[in-house]
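Structure file structure_35.txt; described as compact mmCIF, C-alpha atoms and all ligand atoms.
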```
# COMPACT_ATOMS: atom_id res chain seq x y z
CA MET V 1 -2.23 -27.37 10.19
CA ALA V 2 -3.23 -29.26 7.07
CA VAL V 3 -2.52 -27.62 3.77
CA MET V 4 -5.28 -25.21 2.88
CA ARG V 5 -7.25 -25.96 -0.28
CA CYS V 6 -8.30 -23.39 -2.87
CA GLU V 7 -11.96 -23.52 -1.89
CA GLN V 8 -11.13 -22.83 1.75
CA LEU V 9 -8.97 -19.93 0.71
CA ARG V 10 -11.72 -18.58 -1.56
CA ASP V 11 -14.13 -18.63 1.37
CA MET V 12 -11.91 -16.35 3.40
CA ALA V 13 -10.45 -14.35 0.51
CA PRO V 14 -12.21 -11.12 1.63
CA ASP V 15 -10.74 -11.53 5.12
CA VAL V 16 -7.29 -11.95 3.63
CA ALA V 17 -7.77 -8.95 1.34
CA LEU V 18 -8.85 -6.79 4.28
CA GLY V 19 -6.05 -8.00 6.56
CA LEU V 20 -8.49 -9.45 9.09
CA LEU V 21 -6.84 -12.80 9.69
CA THR V 22 -4.44 -13.46 12.53
CA GLY V 23 -2.27 -16.25 13.85
CA ARG V 24 -2.45 -19.70 12.34
CA GLU V 25 -5.31 -18.88 9.99
CA ARG V 26 -3.35 -16.06 8.49
CA ALA V 27 -0.18 -18.13 8.27
CA ALA V 28 -2.05 -20.92 6.48
CA ALA V 29 -3.67 -18.48 4.06
CA LEU V 30 -0.38 -16.77 3.25
CA ALA V 31 1.34 -20.12 2.77
CA HIS V 32 -1.35 -21.06 0.26
CA LEU V 33 -1.07 -17.72 -1.53
CA GLU V 34 2.67 -18.05 -1.84
CA ARG V 35 2.12 -21.15 -3.95
CA CYS V 36 -1.15 -20.39 -5.72
CA GLU V 37 -1.21 -17.71 -8.39
CA THR V 38 -4.98 -18.08 -8.99
CA CYS V 39 -5.92 -17.36 -5.41
CA ARG V 40 -3.35 -14.57 -5.27
CA THR V 41 -5.05 -12.89 -8.20
CA GLU V 42 -8.43 -13.25 -6.52
CA VAL V 43 -7.21 -11.75 -3.26
CA ALA V 44 -5.43 -8.91 -5.06
CA ALA V 45 -8.65 -8.06 -6.92
CA LEU V 46 -10.62 -7.94 -3.67
CA ALA V 47 -7.89 -5.83 -2.05
CA GLY V 48 -8.10 -3.45 -5.02
CA THR V 49 -11.86 -3.14 -4.50
CA ALA V 50 -11.32 -2.40 -0.82
CA ASP V 51 -8.87 0.35 -1.81
CA GLU V 52 -11.35 1.90 -4.24
CA LEU V 53 -13.87 2.02 -1.43
CA LEU V 54 -11.89 4.87 0.07
CA LEU V 55 -12.90 7.00 -2.91
CA ALA V 56 -16.35 7.23 -1.34
CA ALA V 57 -14.95 9.00 1.72
CA PRO V 58 -16.45 12.36 2.60
CA GLU V 59 -14.56 15.38 1.24
CA ALA V 60 -13.57 18.46 3.19
CA THR V 61 -11.71 21.63 2.31
CA PRO V 62 -8.33 21.91 4.04
CA PRO V 63 -7.14 25.21 5.54
CA ASP V 64 -5.69 27.86 3.21
CA GLY V 65 -2.11 27.26 2.25
CA PHE V 66 -2.38 23.48 2.47
CA ALA V 67 -0.89 22.78 -0.96
CA ALA V 68 1.89 25.32 -0.40
CA GLY V 69 2.71 23.55 2.86
CA VAL V 70 3.03 20.19 1.11
CA LEU V 71 5.28 21.66 -1.58
CA ALA V 72 7.46 23.31 1.07
CA ARG V 73 7.91 19.99 2.82
CA LEU V 74 8.90 18.31 -0.45
CA ALA V 75 11.42 21.06 -1.11
CA ALA V 76 12.87 20.48 2.36
CA GLU V 77 13.47 16.84 1.41
CA GLU V 78 15.50 17.69 -1.68
CA PRO V 79 18.86 17.51 0.15
CA VAL V 80 18.05 13.92 1.06
CA ARG V 81 17.38 13.04 -2.55
CA ASP V 82 20.67 14.51 -3.67
CA ALA V 83 22.71 13.21 -0.77
CA PRO V 84 26.21 11.98 -1.51
CA GLY V 85 26.29 8.22 -1.60
CA ALA V 86 23.16 7.92 -3.67
CA PRO V 87 23.53 5.19 -6.30
CA ALA V 88 25.11 6.27 -9.55
CA PRO V 89 22.67 7.19 -12.30
CA ILE V 90 21.36 4.34 -14.39
CA ASP V 91 22.95 4.52 -17.84
CA GLY V 92 21.91 7.10 -20.37
CA ASP V 93 19.86 5.02 -22.78
CA ARG V 94 17.05 5.01 -20.25
CA GLY V 95 16.80 8.76 -20.39
CA ALA V 96 13.10 8.52 -21.11
CA ARG V 97 12.40 7.19 -17.63
CA PRO V 98 11.54 9.85 -15.11
CA SER V 99 14.65 10.53 -13.11
CA GLY V 100 12.44 11.03 -10.09
CA ARG V 101 11.96 7.33 -9.79
CA ARG V 102 15.51 6.55 -8.78
CA ARG V 103 15.69 9.52 -6.48
CA MET V 104 12.47 8.34 -4.90
CA VAL V 105 13.96 5.02 -3.98
CA VAL V 106 16.71 6.85 -2.18
CA ALA V 107 14.34 9.23 -0.46
CA ALA V 108 11.96 6.44 0.42
CA VAL V 109 13.82 5.49 3.53
CA ALA V 110 15.44 7.19 6.46
CA ALA V 111 18.94 8.59 6.29
CA VAL V 112 20.35 5.42 7.84
CA VAL V 113 19.18 3.43 4.86
CA VAL V 114 20.52 6.01 2.45
CA LEU V 115 23.90 5.23 3.95
CA VAL V 116 23.32 1.50 3.54
CA VAL V 117 22.34 1.95 -0.10
CA GLY V 118 25.30 4.22 -0.63
CA GLY V 119 27.59 1.67 0.96
CA LEU V 120 26.34 -1.03 -1.34
CA ALA V 121 26.89 1.13 -4.42
CA VAL V 122 30.44 1.81 -3.30
CA ALA V 123 31.11 -1.86 -2.58
CA LEU V 124 29.86 -2.90 -5.98
CA ARG V 125 31.86 -0.24 -7.73
CA SER V 126 35.07 -1.37 -6.10
CA ASP V 127 34.12 -4.85 -7.28
CA GLY V 128 34.66 -3.84 -10.87
CA GLY V 129 31.97 -1.30 -11.63
CA ALA V 130 29.73 -3.35 -13.90
CA GLY V 131 27.56 -4.51 -11.03
CA THR V 132 26.03 -1.17 -10.14
CA GLU V 133 23.32 -1.31 -12.77
CA VAL V 134 19.98 -2.45 -11.45
CA ALA V 135 18.93 -5.42 -13.56
CA ALA V 136 15.39 -5.75 -12.29
CA THR V 137 13.03 -4.37 -9.69
CA ALA V 138 10.24 -6.00 -7.73
CA VAL V 139 7.34 -4.47 -5.86
CA MET V 140 7.20 -6.02 -2.40
CA ARG V 141 3.66 -6.95 -1.41
CA THR V 142 1.99 -8.63 1.50
CA GLY V 143 -0.06 -11.77 0.94
CA GLN V 144 -3.09 -9.54 0.62
CA GLY V 145 -1.49 -7.56 -2.17
CA GLN V 146 -0.67 -4.45 -0.18
CA VAL V 147 2.45 -2.70 -1.46
CA VAL V 148 5.00 -2.26 1.33
CA GLY V 149 8.26 -1.62 -0.46
CA GLU V 150 10.58 -2.42 -3.29
CA ALA V 151 13.49 -4.71 -4.09
CA THR V 152 16.19 -4.42 -6.70
CA VAL V 153 18.69 -6.92 -8.00
CA SER V 154 22.01 -6.12 -9.58
CA GLY V 155 25.37 -7.73 -10.25
CA ASP V 156 26.51 -10.90 -11.85
CA ALA V 157 27.05 -14.04 -9.75
CA PRO V 158 26.93 -13.06 -6.98
CA ALA V 159 23.86 -10.91 -7.51
CA ALA V 160 23.00 -8.40 -4.82
CA VAL V 161 19.35 -8.20 -3.81
CA GLU V 162 18.41 -4.98 -2.01
CA ILE V 163 15.09 -4.83 -0.20
CA ASP V 164 13.53 -1.65 1.11
CA VAL V 165 10.34 -2.00 3.11
CA PRO V 166 9.34 1.47 4.29
CA GLY V 167 6.09 0.03 5.59
CA TRP V 168 7.80 -2.55 7.78
CA ASP V 169 6.97 -1.01 11.15
CA ALA V 170 3.36 -0.54 10.12
CA MET V 171 3.18 -4.20 9.09
CA VAL V 172 4.63 -5.36 12.38
CA ASP V 173 2.21 -3.08 14.23
CA ARG V 174 -0.72 -4.38 12.29
CA TRP V 175 0.03 -8.05 12.52
CA GLY V 176 1.45 -8.06 15.95
CA GLY V 177 4.87 -8.89 17.21
CA ALA V 178 8.20 -8.89 15.49
CA SER V 179 9.95 -12.21 15.21
CA GLU V 180 12.35 -12.47 18.17
CA ALA V 181 14.73 -14.69 16.28
CA GLY V 182 14.98 -12.28 13.36
CA TYR V 183 13.84 -12.73 9.80
CA LEU V 184 14.91 -14.74 6.81
CA LEU V 185 15.28 -13.72 3.20
CA ALA V 186 14.35 -16.32 0.60
CA VAL V 187 15.56 -15.74 -2.94
CA GLU V 188 14.46 -17.94 -5.83
CA THR V 189 16.19 -18.25 -9.17
CA SER V 190 14.82 -19.37 -12.53
CA ASP V 191 16.30 -22.86 -12.13
CA GLY V 192 14.05 -23.38 -9.10
CA GLU V 193 16.84 -23.00 -6.54
CA ARG V 194 15.80 -21.35 -3.31
CA THR V 195 18.41 -19.64 -1.15
CA VAL V 196 17.39 -18.80 2.41
CA LYS V 197 19.62 -16.57 4.51
CA PRO V 198 19.17 -14.74 7.81
CA ALA V 199 18.17 -11.12 7.24
CA PRO V 200 20.78 -8.86 8.81
CA GLY V 201 19.55 -6.22 11.20
CA ALA V 202 16.02 -7.56 11.66
CA GLY V 203 14.57 -4.69 9.70
CA ASP V 204 15.68 -2.00 12.14
CA ASP V 205 16.33 0.35 9.29
CA ASP V 206 13.60 -0.91 6.96
CA GLY V 207 16.12 -2.36 4.55
CA TRP V 208 18.07 -5.54 3.90
CA SER V 209 20.50 -6.83 1.37
CA VAL V 210 21.54 -10.34 0.50
CA THR V 211 23.77 -11.86 -2.15
CA VAL V 212 23.08 -15.03 -4.12
CA ASP V 213 25.46 -16.99 -6.26
CA ALA V 214 23.67 -16.40 -9.56
CA PRO V 215 23.47 -13.68 -12.22
CA ALA V 216 20.95 -10.93 -11.46
CA GLY V 217 18.90 -11.91 -14.51
CA ASP V 218 18.20 -15.35 -13.00
CA VAL V 219 16.71 -14.05 -9.77
CA THR V 220 12.92 -14.43 -9.93
CA THR V 221 11.48 -13.72 -6.48
CA VAL V 222 12.45 -12.56 -3.02
CA SER V 223 10.46 -13.06 0.19
CA VAL V 224 10.83 -11.96 3.80
CA LEU V 225 9.96 -14.81 6.19
CA ASP V 226 9.78 -14.99 9.94
CA ASP V 227 11.26 -17.79 12.04
CA GLU V 228 8.07 -19.83 11.63
CA GLY V 229 8.36 -19.67 7.88
CA ARG V 230 5.49 -17.24 7.41
CA VAL V 231 5.83 -14.92 4.45
CA TRP V 232 5.59 -11.27 5.46
CA CYS V 233 6.04 -9.87 2.02
CA SER V 234 7.39 -10.95 -1.32
CA GLY V 235 8.10 -9.61 -4.77
CA ARG V 236 8.60 -10.92 -8.30
CA PHE V 237 11.35 -9.31 -10.33
CA ARG V 238 10.73 -7.69 -13.66
CA ALA V 239 13.54 -6.55 -15.88
CA GLY V 240 14.16 -2.85 -16.31
CA MET B 1 -2.76 20.99 -16.72
CA TRP B 2 -6.30 20.39 -15.53
CA ASP B 3 -7.04 18.12 -18.47
CA LEU B 4 -4.36 15.68 -17.42
CA SER B 5 -5.28 12.43 -15.68
CA ASP B 6 -4.49 12.00 -12.00
CA GLU B 7 -1.82 9.50 -13.00
CA ALA B 8 -0.15 11.92 -15.43
CA LEU B 9 -0.11 14.66 -12.80
CA PHE B 10 1.26 12.19 -10.28
CA ALA B 11 4.16 11.34 -12.60
CA GLY B 12 5.02 15.04 -12.66
CA TYR B 13 4.60 15.27 -8.90
CA ALA B 14 6.95 12.33 -8.39
CA ALA B 15 9.52 13.77 -10.76
CA GLY B 16 9.58 17.07 -8.90
CA ASP B 17 7.79 19.22 -11.49
CA ASP B 18 6.52 22.20 -9.48
CA GLN B 19 3.51 22.96 -11.65
CA ALA B 20 2.34 19.35 -11.79
CA ALA B 21 2.96 18.97 -8.06
CA ALA B 22 0.79 21.95 -7.20
CA ALA B 23 -1.96 20.76 -9.52
CA PHE B 24 -1.80 17.23 -8.12
CA VAL B 25 -2.10 18.39 -4.52
CA ARG B 26 -4.94 20.78 -5.28
CA ARG B 27 -6.85 18.17 -7.19
CA LEU B 28 -6.79 15.59 -4.42
CA GLU B 29 -6.47 17.66 -1.23
CA ARG B 30 -10.21 17.68 -0.48
CA LYS B 31 -10.35 13.89 -0.70
CA VAL B 32 -7.23 13.37 1.37
CA TYR B 33 -8.08 15.95 4.00
CA GLY B 34 -11.70 14.75 4.14
CA LEU B 35 -10.68 11.17 4.79
CA ALA B 36 -8.09 12.24 7.36
CA LEU B 37 -10.71 14.33 9.14
CA ALA B 38 -13.23 11.48 9.08
CA ILE B 39 -10.75 9.28 10.90
CA VAL B 40 -8.87 11.59 13.27
CA ARG B 41 -11.77 13.97 13.95
CA ASP B 42 -9.61 16.97 14.70
CA PRO B 43 -8.84 19.63 12.06
CA ALA B 44 -5.27 20.29 13.21
CA ASP B 45 -4.43 16.58 13.32
CA ALA B 46 -6.19 16.03 9.99
CA HIS B 47 -4.04 18.76 8.46
CA ASP B 48 -0.84 17.05 9.66
CA VAL B 49 -2.04 13.63 8.55
CA ALA B 50 -3.03 14.89 5.10
CA GLN B 51 0.33 16.61 4.59
CA GLU B 52 2.20 13.54 5.72
CA ALA B 53 0.18 11.41 3.28
CA PHE B 54 1.19 13.60 0.34
CA VAL B 55 4.83 13.55 1.41
CA ARG B 56 4.81 9.75 1.74
CA ALA B 57 3.17 9.40 -1.67
CA TRP B 58 6.08 11.38 -3.08
CA ARG B 59 8.66 9.27 -1.25
CA PHE B 60 7.07 5.97 -2.19
CA ALA B 61 6.04 6.98 -5.71
CA ALA B 62 8.11 4.14 -7.14
CA SER B 63 5.85 1.60 -5.48
CA PHE B 64 2.66 2.89 -7.10
CA ASP B 65 1.42 0.28 -9.57
CA GLU B 66 -1.07 1.62 -12.08
CA ARG B 67 -2.34 -1.87 -12.89
CA ARG B 68 -3.66 -2.28 -9.37
CA GLY B 69 -5.85 0.77 -9.25
CA SER B 70 -6.07 4.53 -9.44
CA VAL B 71 -3.53 6.84 -7.90
CA ALA B 72 -6.36 8.47 -5.95
CA ALA B 73 -7.25 5.18 -4.26
CA TRP B 74 -3.58 4.50 -3.57
CA LEU B 75 -3.07 7.92 -2.02
CA LEU B 76 -6.20 7.49 0.09
CA GLY B 77 -4.88 4.13 1.30
CA ILE B 78 -1.73 5.89 2.48
CA THR B 79 -3.88 8.58 4.10
CA ARG B 80 -5.90 6.01 5.96
CA ASN B 81 -2.78 4.28 7.26
CA VAL B 82 -1.21 7.54 8.43
CA ALA B 83 -4.50 8.56 10.07
CA LEU B 84 -4.89 5.22 11.84
CA ASP B 85 -1.29 5.41 13.07
CA SER B 86 -1.96 8.87 14.41
CA VAL B 87 -5.15 7.83 16.19
CA ARG B 88 -3.61 4.65 17.59
CA GLY B 89 -0.60 6.59 18.79
CA ARG B 90 -2.89 8.63 20.97
CA GLY B 91 -4.89 5.62 22.07
CA ARG B 92 -8.02 7.34 20.87
CA ARG B 93 -9.33 4.90 18.33
CA GLY B 94 -12.26 3.90 20.53
CA ASP B 95 -13.61 7.42 20.66
CA ILE B 96 -14.21 7.77 16.99
CA VAL B 97 -16.15 4.64 16.33
CA GLY B 98 -19.85 4.67 15.77
CA ASP B 99 -20.62 7.95 14.09
CA VAL B 100 -18.63 7.58 10.91
CA PRO B 101 -20.71 5.05 9.01
CA GLY B 102 -23.70 7.39 9.02
CA GLU B 103 -21.94 9.86 6.76
CA TRP B 104 -20.40 7.22 4.56
CA PRO B 105 -20.52 7.08 1.67
CA ALA B 106 -20.50 10.80 1.09
CA ASP B 107 -23.66 12.19 -0.47
CA VAL B 108 -23.85 10.95 -4.05
CA ASP B 109 -25.42 14.21 -5.18
CA ASP B 110 -22.79 16.38 -3.58
CA PRO B 111 -21.30 18.36 -6.47
CA SER B 112 -17.57 17.87 -6.31
CA GLU B 113 -14.91 20.28 -7.36
CA VAL B 114 -12.59 17.37 -7.75
CA VAL B 115 -11.70 16.72 -11.36
CA GLY B 116 -10.51 13.29 -12.37
CA VAL B 117 -11.53 11.31 -9.35
CA ARG B 118 -15.11 12.42 -9.78
CA ASP B 119 -16.22 9.55 -12.00
CA ASP B 120 -14.56 6.82 -9.99
CA ALA B 121 -15.83 8.31 -6.76
CA ALA B 122 -19.39 8.62 -8.05
CA GLN B 123 -19.29 5.00 -9.16
CA VAL B 124 -18.06 3.75 -5.80
CA MET B 125 -20.61 5.87 -3.97
CA ALA B 126 -23.41 4.56 -6.12
CA VAL B 127 -22.39 0.94 -5.60
CA MET B 128 -21.91 1.54 -1.86
CA ALA B 129 -25.33 3.12 -1.63
CA GLY B 130 -26.79 -0.03 -3.18
CA LEU B 131 -25.37 -2.33 -0.51
CA PRO B 132 -27.58 -3.47 2.36
CA PRO B 133 -26.86 -0.97 5.17
CA GLU B 134 -25.62 -3.60 7.61
CA GLN B 135 -23.09 -4.86 5.05
CA ARG B 136 -22.00 -1.34 4.22
CA ASP B 137 -21.53 -0.36 7.86
CA ALA B 138 -19.52 -3.50 8.64
CA LEU B 139 -17.32 -2.93 5.60
CA VAL B 140 -16.76 0.73 6.46
CA ALA B 141 -15.84 -0.06 10.07
CA VAL B 142 -13.26 -2.54 8.84
CA THR B 143 -11.81 -0.61 5.90
CA LEU B 144 -11.99 2.95 7.17
CA LEU B 145 -11.51 2.52 10.89
CA GLY B 146 -9.25 -0.49 10.69
CA LEU B 147 -11.33 -2.44 13.21
CA SER B 148 -11.24 -6.21 13.43
CA THR B 149 -14.51 -8.07 12.92
CA ARG B 150 -14.43 -8.98 16.60
CA GLU B 151 -14.19 -5.33 17.59
CA VAL B 152 -17.10 -4.49 15.30
CA SER B 153 -19.07 -7.33 16.87
CA GLU B 154 -18.39 -6.05 20.39
CA ARG B 155 -19.24 -2.47 19.57
CA SER B 156 -22.40 -3.23 17.64
CA ALA B 157 -23.59 -6.19 19.76
CA VAL B 158 -23.92 -8.29 16.61
CA PRO B 159 -22.59 -11.87 16.74
CA HIS B 160 -19.04 -12.20 15.44
CA GLY B 161 -20.00 -14.75 12.79
CA THR B 162 -22.67 -12.40 11.46
CA VAL B 163 -20.21 -9.51 11.19
CA LYS B 164 -17.76 -11.73 9.31
CA THR B 165 -20.47 -12.81 6.89
CA ARG B 166 -21.56 -9.22 6.31
CA VAL B 167 -18.03 -8.11 5.53
CA ARG B 168 -17.46 -10.99 3.13
CA LEU B 169 -20.78 -10.53 1.34
CA GLY B 170 -20.33 -6.76 1.21
CA LEU B 171 -16.87 -6.86 -0.32
CA ARG B 172 -17.80 -9.56 -2.83
CA LYS B 173 -20.90 -7.68 -3.89
CA LEU B 174 -18.97 -4.45 -4.22
CA ARG B 175 -16.39 -6.13 -6.38
CA SER B 176 -18.87 -7.78 -8.74
CA GLU B 177 -20.89 -4.57 -9.11
CA MET B 178 -17.80 -2.52 -9.80
CA GLU B 179 -16.55 -5.04 -12.32
CA GLY B 180 -19.95 -4.94 -13.97
CA GLN B 181 -19.42 -1.26 -14.60
CA VAL B 182 -16.06 -1.66 -16.24
CA ARG B 183 -16.28 -1.24 -19.98
CA TRP B 184 -14.02 -3.60 -21.84
CA PRO B 185 -12.59 -2.40 -25.14
ZN ZN V 301 -5.50 -21.56 -4.48
```
Re-express the file's structure as structure tokens.
Ligand SMILES: [Zn+2]
Amino acid sequence: MAVMRCEQLRDMAPDVALGLLTGRERAAALAHLERCETCRTEVAALAGTADELLLAAPEATPPDGFAAGVLARLAAEEPVRDAPGAPAPIDGDRGARPSGRRRMVVAAVAAVVVLVVGGLAVALRSDGGAGTEVAATAVMRTGQGQVVGEATVSGDAPAAVEIDVPGWDAMVDRWGGASEAGYLLAVETSDGERTVKPAPGAGDDDGWSVTVDAPAGDVTTVSVLDDEGRVWCSGRFRAG
Amino acid sequence: MWDLSDEALFAGYAAGDDQAAAAFVRRLERKVYGLALAIVRDPADAHDVAQEAFVRAWRFAASFDERRGSVAAWLLGITRNVALDSVRGRGRRGDIVGDVPGEWPADVDDPSEVVGVRDDAAQVMAVMAGLPPEQRDALVAVTLLGLSTREVSERSAVPHGTVKTRVRLGLRKLRSEMEGQVRWP
């Protein structure tokens, strides 16, 4: 398929924002969005509008005890948040940040992934300790701007990129068919280098990790691609 | 506590502050449960879906991005996804189509007990009410029920191209109207 131009993309921007495209059309649109910041902004704005539309949903009063039930379920998850193997606390000078954020990343995924994250923390520590600090985080989004997970980067040449996509199964459901041949992780650094590696585990546990031969501070983006080169989700790293 | 913004309460909810968590759930439970009920159509299922949505919001709190929109809209997006998963899992999606658009948007004059989301919600409802009905219905079928334009076309016996046009026009119009109401500093 020929490269899609901005005006073609603009025509179908609402379809992209609403996740209505499939197959080649969708692949072409996402390929354009990966390269074009202007169109990405446009699609994200339309996706935001579509989200706000839900505010007009009818309201209804839930049964008595609803809130108490939610709080009880959160309390039941506490052991997961404090599980051994959770990454070491980020250093003290960030005390102003809500500690819940880090715990959330741990709790965001199933126990299997907690073990994976824990394993990584241990591996980095035995590497010399300095690498455990997360240098930057990225929100993983689909081409239509939908948030599906988070990535972190830490370490110093090699940098370890950790990707958690809790919404992976839902994405595969929605867009039909997992890639038989597995997925690829593409990591870009500030010098324009692009490293593409097979993603281990094909997303079975909603998480991947990959190392690149560069300091964490140089890593700019990470994307999850399928075997046809389509971008399923990507994120841009921001320090802190 | 009740003077705090949704986003401030959500920060407390995410951090595990019991008081903020209770206030956050109570503030948004009618919205979340109402949307769940509109999609799954069964009170017991809606209860489970709504609870699951709050739990997921807590788990994925780190991925909420304030620059992209309100926490209420984000939470409702999660609710919709959980509800659609639940309905699809039972293969019942077909049953629920057709009668939802009539009650959407919710009555603009309905006095809401919901603090915080009230203004945003009223604005969206007003803009939605101003859309041509055929655009509004097409948009609702796609955004709320998760239907494809082809499915909407088949169910409503309207040509596929027409449905696509309605959805595009509706979303663009909604966006420009809502932007028009944003006050810049
Ligand atoms: Zn473009």
Return as a PyMOL selection string the residues belonging to chain B that are within 6 Å of chain V, counting only C-alpha atoms.
chain B and resi 14-15+25+30-31+33-35+51+59-60+62+73+105-106+121+124-125+168+175
Test item: residues at most 9 Å from Glu134 in chain B, only C-alpha atoms, excluding those fewer than 2 positions along its chain, as a VMD selection string
chain B and resid 131 to 132 136 to 139 163 166 170
What is the CA of Ala29 in chain V-CA of Glu7 in chain V distance in Å, reported with one decimal?
11.4 Å
Residues contacting ligand ZN 301 (chain V) - anything with an atom at most 12 Å away, using all atoms listed in the file - can you give me those as a ChimeraX atom specification?
/V:3-13,28-43
Expected answer as a PyMOL selection string: all residues with atoms within 9 Å of (-11.6, -8.7, 14.0), all atoms listed in the file:
(chain V and resi 20-22) or (chain B and resi 142+147-153+160+164)
Nearby residues (all atoms listed in the file) at most 6 Å from Thr211 in chain V, same-chain spacing under 5 positions excluded, as a VMD selection string
chain V and resid 158 to 161
Scan for residues within 9 Å of the point (-3.9, 18.4, 9.4) in the coordinates of the file, using only C-alpha atoms, and reply as a list in words.
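Selection result: Pro62, Pro63 and Phe66 of chain V; Tyr33, Ala36, Leu37, Asp42, Pro43, Ala44, Asp45, Ala46, His47, Asp48, Val49, Ala50, Gln51 and Glu52 of chain B.
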